[in-house]
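Structure file final-v5.pdb; described as PDB, C-alpha atoms.
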MODEL        1
ATOM      1  CA  MET T 945     -36.262 -16.348  20.873  1.00  0.00           C
ATOM      2  CA  LYS T 946     -33.273 -18.516  21.808  1.00  0.00           C
ATOM      3  CA  THR T 947     -30.337 -17.703  24.084  1.00  0.00           C
ATOM      4  CA  CYS T 948     -26.908 -19.205  23.516  1.00  0.00           C
ATOM      5  CA  PRO T 949     -25.922 -21.196  26.632  1.00  0.00           C
ATOM      6  CA  GLN T 950     -22.221 -20.268  26.220  1.00  0.00           C
ATOM      7  CA  CYS T 951     -22.031 -16.616  25.111  1.00  0.00           C
ATOM      8  CA  LYS T 952     -25.538 -15.593  26.339  1.00  0.00           C
ATOM      9  CA  ARG T 953     -26.498 -13.817  23.091  1.00  0.00           C
ATOM     10  CA  VAL T 954     -30.121 -13.835  22.008  1.00  0.00           C
ATOM     11  CA  TYR T 955     -31.123 -15.018  18.527  1.00  0.00           C
ATOM     12  CA  SER T 956     -34.374 -15.685  16.695  1.00  0.00           C
ATOM     13  CA  ASP T 957     -35.954 -19.129  16.628  1.00  0.00           C
ATOM     14  CA  LEU T 958     -34.680 -19.580  13.055  1.00  0.00           C
ATOM     15  CA  VAL T 959     -31.042 -19.703  14.139  1.00  0.00           C
ATOM     16  CA  LYS T 960     -29.898 -23.261  14.917  1.00  0.00           C
ATOM     17  CA  VAL T 961     -26.197 -22.606  15.722  1.00  0.00           C
ATOM     18  CA  CYS T 962     -24.709 -19.589  17.493  1.00  0.00           C
ATOM     19  CA  PRO T 963     -22.666 -17.685  14.884  1.00  0.00           C
ATOM     20  CA  GLU T 964     -20.295 -16.395  17.591  1.00  0.00           C
ATOM     21  CA  CYS T 965     -19.254 -19.575  19.379  1.00  0.00           C
ATOM     22  CA  GLY T 966     -20.710 -22.391  17.254  1.00  0.00           C
ATOM     23  CA  VAL T 967     -22.822 -23.940  20.036  1.00  0.00           C
ATOM     24  CA  SER T 968     -26.101 -25.596  19.022  1.00  0.00           C
ATOM     25  CA  LEU T 969     -29.075 -23.549  20.144  1.00  0.00           C
ATOM     26  CA  GLY T 970     -31.283 -26.596  20.577  1.00  0.00           C
ATOM     27  CA  GLY T 971     -34.326 -27.661  18.654  1.00  0.00           C
ATOM     28  CA  GLY T 972     -34.658 -31.001  16.999  1.00  0.00           C
ATOM     29  CA  SER T 973     -33.997 -31.771  13.407  1.00  0.00           C
ATOM     30  CA  GLN T 974     -37.758 -32.219  12.811  1.00  0.00           C
ATOM     31  CA  PRO T 975     -39.518 -28.910  12.193  1.00  0.00           C
ATOM     32  CA  ASP T 976     -42.513 -28.113  14.350  1.00  0.00           C
ATOM     33  CA  GLN T 977     -45.637 -28.923  12.301  1.00  0.00           C
ATOM     34  CA  SER T 978     -47.643 -26.162  13.946  1.00  0.00           C
ATOM     35  CA  TYR T 979     -45.025 -23.551  13.020  1.00  0.00           C
ATOM     36  CA  SER T 980     -45.946 -21.231  10.200  1.00  0.00           C
ATOM     37  CA  TYR T 981     -43.153 -19.283   8.538  1.00  0.00           C
ATOM     38  CA  VAL T 982     -43.127 -15.620   9.460  1.00  0.00           C
ATOM     39  CA  THR T 983     -40.530 -13.218   8.186  1.00  0.00           C
ATOM     40  CA  PRO T 984     -38.466 -12.207  11.193  1.00  0.00           C
ATOM     41  CA  ALA T 985     -38.430  -8.593  12.197  1.00  0.00           C
ATOM     42  CA  PRO T 986     -35.110  -6.813  11.468  1.00  0.00           C
ATOM     43  CA  GLN T 987     -34.248  -6.676  15.176  1.00  0.00           C
ATOM     44  CA  ASP T 988     -34.572 -10.499  15.343  1.00  0.00           C
ATOM     45  CA  ILE T 989     -31.936 -11.109  12.658  1.00  0.00           C
ATOM     46  CA  PRO T 990     -28.443 -11.513  14.119  1.00  0.00           C
ATOM     47  CA  PRO T 991     -25.877  -9.023  12.807  1.00  0.00           C
ATOM     48  CA  VAL T 992     -23.376 -10.266  10.261  1.00  0.00           C
ATOM     49  CA  GLN T 993     -19.772  -9.767  11.351  1.00  0.00           C
ATOM     50  CA  THR T 994     -17.874  -8.466   8.288  1.00  0.00           C
ATOM     51  CA  GLY T 995     -15.219  -6.273   9.864  1.00  0.00           C
ATOM     52  CA  ILE T 996     -16.460  -3.338   7.768  1.00  0.00           C
ATOM     53  CA  PRO T 997     -17.824  -0.406   9.756  1.00  0.00           C
ATOM     54  CA  PRO T 998     -21.527   0.287   9.147  1.00  0.00           C
ATOM     55  CA  VAL T 999     -22.438   3.093   6.788  1.00  0.00           C
ATOM     56  CA  GLN T1000     -24.574   5.828   8.250  1.00  0.00           C
ATOM     57  CA  MET T1001     -27.226   7.270   6.010  1.00  0.00           C
ATOM     58  CA  GLY T1002     -26.625  10.890   5.144  1.00  0.00           C
ATOM     59  CA  ALA T1003     -23.000  10.771   6.287  1.00  0.00           C
ATOM     60  CA  SER T1004     -20.546  12.366   3.920  1.00  0.00           C
ATOM     61  CA  PHE T1005     -17.517  10.425   2.767  1.00  0.00           C
ATOM     62  CA  THR T1006     -14.230  11.588   4.246  1.00  0.00           C
ATOM     63  CA  PRO T1007     -11.093   9.699   3.286  1.00  0.00           C
ATOM     64  CA  ALA T1008      -8.950   8.339   6.099  1.00  0.00           C
ATOM     65  CA  GLN T1009      -5.939  10.208   4.726  1.00  0.00           C
ATOM     66  CA  PRO T1010      -5.485  13.016   2.227  1.00  0.00           C
ATOM     67  CA  ALA T1011      -5.115  11.983  -1.379  1.00  0.00           C
ATOM     68  CA  ALA T1012      -1.564  11.701  -2.640  1.00  0.00           C
ATOM     69  CA  ARG T1013      -0.466  14.208  -5.206  1.00  0.00           C
ATOM     70  CA  PRO T1014       2.448  14.083  -7.605  1.00  0.00           C
ATOM     71  CA  VAL T1015       5.668  15.667  -6.428  1.00  0.00           C
ATOM     72  CA  GLY T1016       6.965  18.678  -8.357  1.00  0.00           C
ATOM     73  CA  PHE T1017      10.464  18.933  -9.816  1.00  0.00           C
ATOM     74  CA  LEU T1018      11.980  21.062  -7.030  1.00  0.00           C
ATOM     75  CA  ASP T1019      10.219  19.076  -4.293  1.00  0.00           C
ATOM     76  CA  ALA T1020      11.609  15.864  -5.799  1.00  0.00           C
ATOM     77  CA  ILE T1021      15.177  17.214  -5.747  1.00  0.00           C
ATOM     78  CA  ARG T1022      14.719  18.451  -2.175  1.00  0.00           C
ATOM     79  CA  LEU T1023      13.371  15.061  -1.058  1.00  0.00           C
ATOM     80  CA  TYR T1024      16.188  13.291  -2.915  1.00  0.00           C
ATOM     81  CA  PHE T1025      18.847  15.039  -0.849  1.00  0.00           C
ATOM     82  CA  THR T1026      16.934  15.252   2.464  1.00  0.00           C
ATOM     83  CA  HIS T1027      16.121  11.518   2.413  1.00  0.00           C
ATOM     84  CA  TYR T1028      19.717  10.778   1.506  1.00  0.00           C
ATOM     85  CA  ALA T1029      19.886   7.284   3.006  1.00  0.00           C
ATOM     86  CA  ASP T1030      16.226   6.558   3.780  1.00  0.00           C
ATOM     87  CA  PHE T1031      15.572   2.958   2.728  1.00  0.00           C
ATOM     88  CA  SER T1032      12.379   2.451   4.721  1.00  0.00           C
ATOM     89  CA  THR T1033       9.689   4.728   3.253  1.00  0.00           C
ATOM     90  CA  ARG T1034       8.151   5.325  -0.176  1.00  0.00           C
ATOM     91  CA  SER T1035       8.717   7.549  -3.222  1.00  0.00           C
ATOM     92  CA  CYS T1036       6.065   8.234  -5.826  1.00  0.00           C
ATOM     93  CA  ARG T1037       6.607   7.794  -9.548  1.00  0.00           C
ATOM     94  CA  SER T1038       6.923  11.524 -10.294  1.00  0.00           C
ATOM     95  CA  GLU T1039       9.600  11.932  -7.603  1.00  0.00           C
ATOM     96  CA  TYR T1040      11.607   9.061  -9.082  1.00  0.00           C
ATOM     97  CA  TRP T1041      11.467  10.322 -12.665  1.00  0.00           C
ATOM     98  CA  TYR T1042      12.159  13.981 -11.775  1.00  0.00           C
ATOM     99  CA  VAL T1043      15.273  12.888  -9.883  1.00  0.00           C
ATOM    100  CA  PHE T1044      16.243  10.668 -12.815  1.00  0.00           C
ATOM    101  CA  LEU T1045      15.950  13.691 -15.140  1.00  0.00           C
ATOM    102  CA  PHE T1046      17.882  15.918 -12.719  1.00  0.00           C
ATOM    103  CA  SER T1047      20.675  13.340 -12.335  1.00  0.00           C
ATOM    104  CA  PHE T1048      20.934  12.854 -16.090  1.00  0.00           C
ATOM    105  CA  LEU T1049      21.134  16.605 -16.747  1.00  0.00           C
ATOM    106  CA  ALA T1050      23.602  17.219 -13.905  1.00  0.00           C
ATOM    107  CA  ALA T1051      25.839  14.319 -14.992  1.00  0.00           C
ATOM    108  CA  SER T1052      25.758  15.529 -18.614  1.00  0.00           C
ATOM    109  CA  LEU T1053      26.696  19.043 -17.525  1.00  0.00           C
ATOM    110  CA  ILE T1054      29.522  17.775 -15.305  1.00  0.00           C
ATOM    111  CA  ILE T1055      30.904  15.569 -18.088  1.00  0.00           C
ATOM    112  CA  ALA T1056      30.768  18.483 -20.549  1.00  0.00           C
ATOM    113  CA  LEU T1057      32.341  21.077 -18.254  1.00  0.00           C
ATOM    114  CA  LEU T1058      34.629  19.126 -15.950  1.00  0.00           C
ATOM    115  CA  PRO T1059      35.056  15.440 -16.910  1.00  0.00           C
ATOM    116  CA  VAL T1060      37.388  14.812 -13.967  1.00  0.00           C
ATOM    117  CA  ALA T1061      34.514  15.509 -11.535  1.00  0.00           C
ATOM    118  CA  GLN T1062      32.264  12.780 -12.973  1.00  0.00           C
ATOM    119  CA  PRO T1063      33.487  10.008 -10.572  1.00  0.00           C
ATOM    120  CA  ILE T1064      32.912  12.370  -7.635  1.00  0.00           C
ATOM    121  CA  TRP T1065      29.323  13.013  -8.805  1.00  0.00           C
ATOM    122  CA  MET T1066      28.740   9.280  -9.233  1.00  0.00           C
ATOM    123  CA  LEU T1067      30.016   8.518  -5.719  1.00  0.00           C
ATOM    124  CA  ALA T1068      28.047  11.423  -4.216  1.00  0.00           C
ATOM    125  CA  THR T1069      24.778  10.210  -5.745  1.00  0.00           C
ATOM    126  CA  LEU T1070      25.246   6.447  -5.379  1.00  0.00           C
ATOM    127  CA  ILE T1071      23.625   6.057  -1.936  1.00  0.00           C
ATOM    128  CA  PRO T1072      20.751   8.518  -2.502  1.00  0.00           C
ATOM    129  CA  GLY T1073      20.060   6.958  -5.913  1.00  0.00           C
ATOM    130  CA  LEU T1074      19.973   3.482  -4.439  1.00  0.00           C
ATOM    131  CA  ALA T1075      17.757   4.682  -1.578  1.00  0.00           C
ATOM    132  CA  LEU T1076      15.385   6.341  -4.067  1.00  0.00           C
ATOM    133  CA  TYR T1077      15.164   3.127  -6.097  1.00  0.00           C
ATOM    134  CA  VAL T1078      14.380   1.105  -2.948  1.00  0.00           C
ATOM    135  CA  ARG T1079      11.727   3.653  -1.898  1.00  0.00           C
ATOM    136  CA  ARG T1080      10.194   3.439  -5.383  1.00  0.00           C
ATOM    137  CA  LEU T1081      10.075  -0.362  -5.089  1.00  0.00           C
ATOM    138  CA  HIS T1082       8.360   0.034  -1.718  1.00  0.00           C
ATOM    139  CA  ASP T1083       5.775   2.302  -3.349  1.00  0.00           C
ATOM    140  CA  THR T1084       4.908  -0.469  -5.810  1.00  0.00           C
ATOM    141  CA  GLY T1085       4.592  -2.994  -2.963  1.00  0.00           C
ATOM    142  CA  ARG T1086       7.926  -4.781  -3.495  1.00  0.00           C
ATOM    143  CA  SER T1087      10.785  -5.422  -1.130  1.00  0.00           C
ATOM    144  CA  GLY T1088      13.987  -3.432  -1.501  1.00  0.00           C
ATOM    145  CA  TRP T1089      15.823  -6.670  -2.254  1.00  0.00           C
ATOM    146  CA  TRP T1090      14.399  -6.441  -5.790  1.00  0.00           C
ATOM    147  CA  VAL T1091      17.307  -4.025  -6.378  1.00  0.00           C
ATOM    148  CA  LEU T1092      19.415  -7.110  -7.011  1.00  0.00           C
ATOM    149  CA  ILE T1093      17.390  -7.920 -10.158  1.00  0.00           C
ATOM    150  CA  VAL T1094      19.664  -5.564 -12.111  1.00  0.00           C
ATOM    151  CA  LEU T1095      22.470  -8.081 -11.639  1.00  0.00           C
ATOM    152  CA  VAL T1096      20.711 -10.479 -14.025  1.00  0.00           C
ATOM    153  CA  PRO T1097      22.211  -9.823 -17.487  1.00  0.00           C
ATOM    154  CA  LEU T1098      19.937  -8.016 -19.991  1.00  0.00           C
ATOM    155  CA  VAL T1099      16.622  -9.123 -18.521  1.00  0.00           C
ATOM    156  CA  GLY T1100      17.321  -7.604 -15.097  1.00  0.00           C
ATOM    157  CA  TRP T1101      17.357  -4.027 -16.379  1.00  0.00           C
ATOM    158  CA  ILE T1102      14.103  -4.562 -18.255  1.00  0.00           C
ATOM    159  CA  VAL T1103      12.411  -5.978 -15.149  1.00  0.00           C
ATOM    160  CA  ALA T1104      13.768  -3.079 -13.071  1.00  0.00           C
ATOM    161  CA  LEU T1105      12.379  -0.543 -15.552  1.00  0.00           C
ATOM    162  CA  VAL T1106       8.959  -2.196 -15.516  1.00  0.00           C
ATOM    163  CA  GLN T1107       8.971  -2.167 -11.702  1.00  0.00           C
ATOM    164  CA  VAL T1108       9.694   1.549 -11.354  1.00  0.00           C
ATOM    165  CA  CYS T1109       7.091   2.385 -14.007  1.00  0.00           C
ATOM    166  CA  GLY T1110       4.383   0.566 -12.028  1.00  0.00           C
ATOM    167  CA  ALA T1111       1.585   2.398 -10.278  1.00  0.00           C
ATOM    168  CA  SER T1112       1.552   3.044  -6.547  1.00  0.00           C
ATOM    169  CA  ASP T1113       0.197   0.191  -4.491  1.00  0.00           C
ATOM    170  CA  GLY T1114      -1.878   2.184  -1.999  1.00  0.00           C
ATOM    171  CA  PRO T1115      -1.121   1.925   1.716  1.00  0.00           C
ATOM    172  CA  ASN T1116       1.192  -1.003   2.435  1.00  0.00           C
ATOM    173  CA  GLN T1117       3.762  -2.152   5.008  1.00  0.00           C
ATOM    174  CA  TRP T1118       6.085   0.751   4.108  1.00  0.00           C
ATOM    175  CA  GLY T1119       3.491   3.412   4.872  1.00  0.00           C
ATOM    176  CA  SER T1120       0.750   5.303   3.132  1.00  0.00           C
ATOM    177  CA  THR T1121       1.033   6.973  -0.229  1.00  0.00           C
ATOM    178  CA  HIS T1122       3.561   9.778  -0.493  1.00  0.00           C
ATOM    179  CA  ILE T1123       2.253  13.217   0.449  1.00  0.00           C
ATOM    180  CA  VAL T1124       4.397  16.344   0.304  1.00  0.00           C
TER     181      VAL T1124
ENDMDL
END

Translate the structure of the given file into structure tokens.
Amino acid sequence: MKTCPQCKRVYSDLVKVCPECGVSLGGGSQPDQSYSYVTPAPQDIPPVQTGIPPVQMGASFTPAQPAARPVGFLDAIRLYFTHYADFSTRSCRSEYWYVFLFSFLAASLIIALLPVAQPIWMLATLIPGLALYVRRLHDTGRSGWWVLIVLVPLVGWIVALVQVCGASDGPNQWGSTHIV
């Protein structure tokens, strides 16, 4: 057994350099002729530092967070108006498309019944619609500045549509997946 002179960890004779601090553990470059190779016992092998927690045998798997579920139609409308100007979180795909459907139906109804009220509806839903689009971009792992892609003629709208149709990106810098 060898002890690292710097970090004082103990390693088997097979280890030439301390994996923690990189200090040579001694021993010449010529192997000892009287040494016969013996498989080291498991306790003699230094642990590998992977950053992944060890798995315990017989332990059941429990996810770190509950699984995300799609948002229903009424929940999507409620979230749309309660997160009126929230540009910092995430919105799942079902929330985005239910709100899109709701906005289309509401705008069609307003145009049919009271065309004068259409600009009011557009102004009332501009900020929440923009916030929802930014939250949807966050859910796909993109920055909210991708909103500006729609300013590119023709191609911008196609890219924007592809972005909002993308799958959720898992936990990212804007939070974990959306859970209602």

Checklist entry - Which residue, T:Leu1023, T:Thr1033, T:Leu1081, T:Gly1119, has the smallest gap to Leu1105 in chain T when you use only C-alpha atoms? => result T:Leu1081

Next on the checklist: Selection in question (the file shown): the PyMOL selection byres ((chain T and resi 1041-1048) around 9). Which residues does it include, as a ChimeraX atom specification?
Outcome noted: /T:1015-1018,1020-1021,1024,1036-1040,1049-1053,1069,1073,1076

Grab all the atoms of range 1049-1059 of chain T that the file lists, wrap them in a box along x, y and z, add 6 Å per side, and give me centre plus edge lengths in Å (one decimal) as lines of an AutoDock Vina configuration file.
center_x = 28.1
center_y = 17.7
center_z = -17.2
size_x = 25.9
size_y = 18.8
size_z = 18.6

Next on the checklist: Under the PyMOL selection byres ((chain T and resi 1074) around 10), which residues of this model are included? Write them out as a PyMOL selection string.
Outcome noted: chain T and resi 1028-1031+1069-1073+1075-1080+1088+1091
